[in-house]
Amino acid sequence: MIIFYNGDYMNADDAKVSIFDHGLLYGDGVFEGIRIYGGKVFKLREHVERLFASAHAFLIPLEQHYTPDQFNEHVLETVRRNELEDGYIRVTVTRGVGLGLDPKSFEGREPTVIISASTLSLYPRSCYEEGMEVVTVALRLPRPDAIDPRIKSTGKYINNIWAKFLANQYGADEGLMLTADGYVAEATGDNIFIIEKGRLYTPPVYIGILPGITRQAVMDLAREQGMEVEERMMTLFDVYNADEALLTGTAAEVVPMVKLDGRTLGDGTPGPVTKRLIERFHQYTREVGIPL
Ligand SMILES: Cc1ncc(COP(=O)(O)O)c(C=O)c1O
């Protein structure tokens with residue numbers, strides 16, 4: 001695998017990341033996952049924009065070293081060098097090399113930038129065909145006044161990893177997380193939607209979820225199909241009694257959810273609205289995107 005590492009393209013095995021990298025020492029970094037469909041990078045500009053916004057909010061000086069256009073080009077070039085038509089890109093930017101917490105000591109230093117491209121199937125085929133079983137995990141989302149969820153920071157994901165671990169313990173395909181107040185928030189790497197009487201509902205971003213790029217695409221596609229879409233606070237009761245439910249994410253794509261905490265959702269199979277959205281989403285991923 002060829003990767004982009006701090007300005008150079010190289011074999012992944014030859015990259016030497018410092019043992020004092022702040023990303024390694026403290027999870028002090030930001031990241032993105034991006035998909036490639038049929039030789040086009042899906043929503044590249046949106047992902048790079050979110051990456052730069054996360055870095056800016058975290059005072060990681062990414063914008064002093066790259067413009068978004070230059071960054072887009074490095075992402076595209078990494079994919080080209082790996083000769084991938086379909087796949088998954090991972091972009092990681094850390095504060096750089098240095099021991100100690102104080103970001104002041106990083107003045108004048110460069111962030112660490114890594115771009116890799118390979119393939120990824122997040123869930124088994126059966127989850128897409130038959131729908132997935134989800135459990136609500138005991139672990140709550142960090143409050144938005146602790147780590148702002150809109151910053152896609154590497155450190156925040158220890159919470160998500162732990163939530164996934166809990167879901168695995170129950171033998172479920174995915175774990176659903178609630179806010180500290182008990183409202184439905186998101187899964188470990190996906191946003192959640194429910195469908196009630198033909199309308200699409202999803203929790204609002206301000207409760208502390210990641211404003212997913214796939215979430216936005218699904219809302220746009222649903223509206224294009226004439227559906228009403230609403231961002232609304234919801235409790236588990238709403239999900240248990242939904243006609244249909246689905247999860248969205250770059251790695252996950254769009255997945256039907258047919259069971260939550262032992263309750264069957266709808267008739268327990270992927271519903272007609274979900275299937276229509278999945279079909280449209282797959283078409284859409286091939287229509288838009290930045291060509292390699
Ligand atoms: C916690 C969380 N929520 C939602 C999402 C979905 O976001 P996106 O569609 O931008 O990949 C992700 C995936 O990155 C995630 O990690």
# chains A, B, ... in the order shown; residues from 1 in each chain; ligands from 1
>>> residues_near_ligand(ligand="ligand 1", cutoff="7 Å", atoms="only C-alpha atoms and all ligand atoms", output="count of residues only")
20
>>> select_by_dssp(residues="segment 125-174 of chain A", states="strand (DSSP E)", output="MDAnalysis selection string")
chainID A and resid 132:140 174
>>> closest_residue(among="A:Pro61, A:Pro144, A:Pro272, A:Gly131", to="Glu107 of chain A", atoms="only C-alpha atoms")
A:Pro61
>>> atom_distance(atom1="atom CA of His22 of chain A", atom2="atom CA of Met10 of chain A")
21.8 Å
>>> atom_distance(atom1="atom CA of Gly198 of chain A", atom2="atom CA of Val137 of chain A")
28.0 Å
>>> residues_around(residues="Ile147 of chain A", least_positions_apart="5", cutoff="9 Å", atoms="only C-alpha atoms", output="PyMOL selection string")
chain A and resi 142+153+156
>>> closest_residue(among="A:Glu49, A:Asp86, A:Asp13, A:Glu279", to="Arg35 of chain A", atoms="only C-alpha atoms")
A:Asp86
>>> closest_residue(among="A:Ala167, A:Met234, A:Val134, A:Leu62", to="Thr179 of chain A", atoms="only C-alpha atoms")
A:Met234
>>> closest_residue(among="A:Arg150, A:Arg81, A:Arg45, A:Arg140", to="Ile290 of chain A", atoms="only C-alpha atoms")
A:Arg45
>>> closest_residue(among="A:Tyr26, A:Phe31, A:Tyr157, A:Phe4", to="Asp102 of chain A", atoms="only C-alpha atoms")
A:Tyr26
>>> closest_residue(among="A:Phe71, A:Tyr170, A:Tyr88, A:Tyr66", to="Glu110 of chain A", atoms="only C-alpha atoms")
A:Tyr66
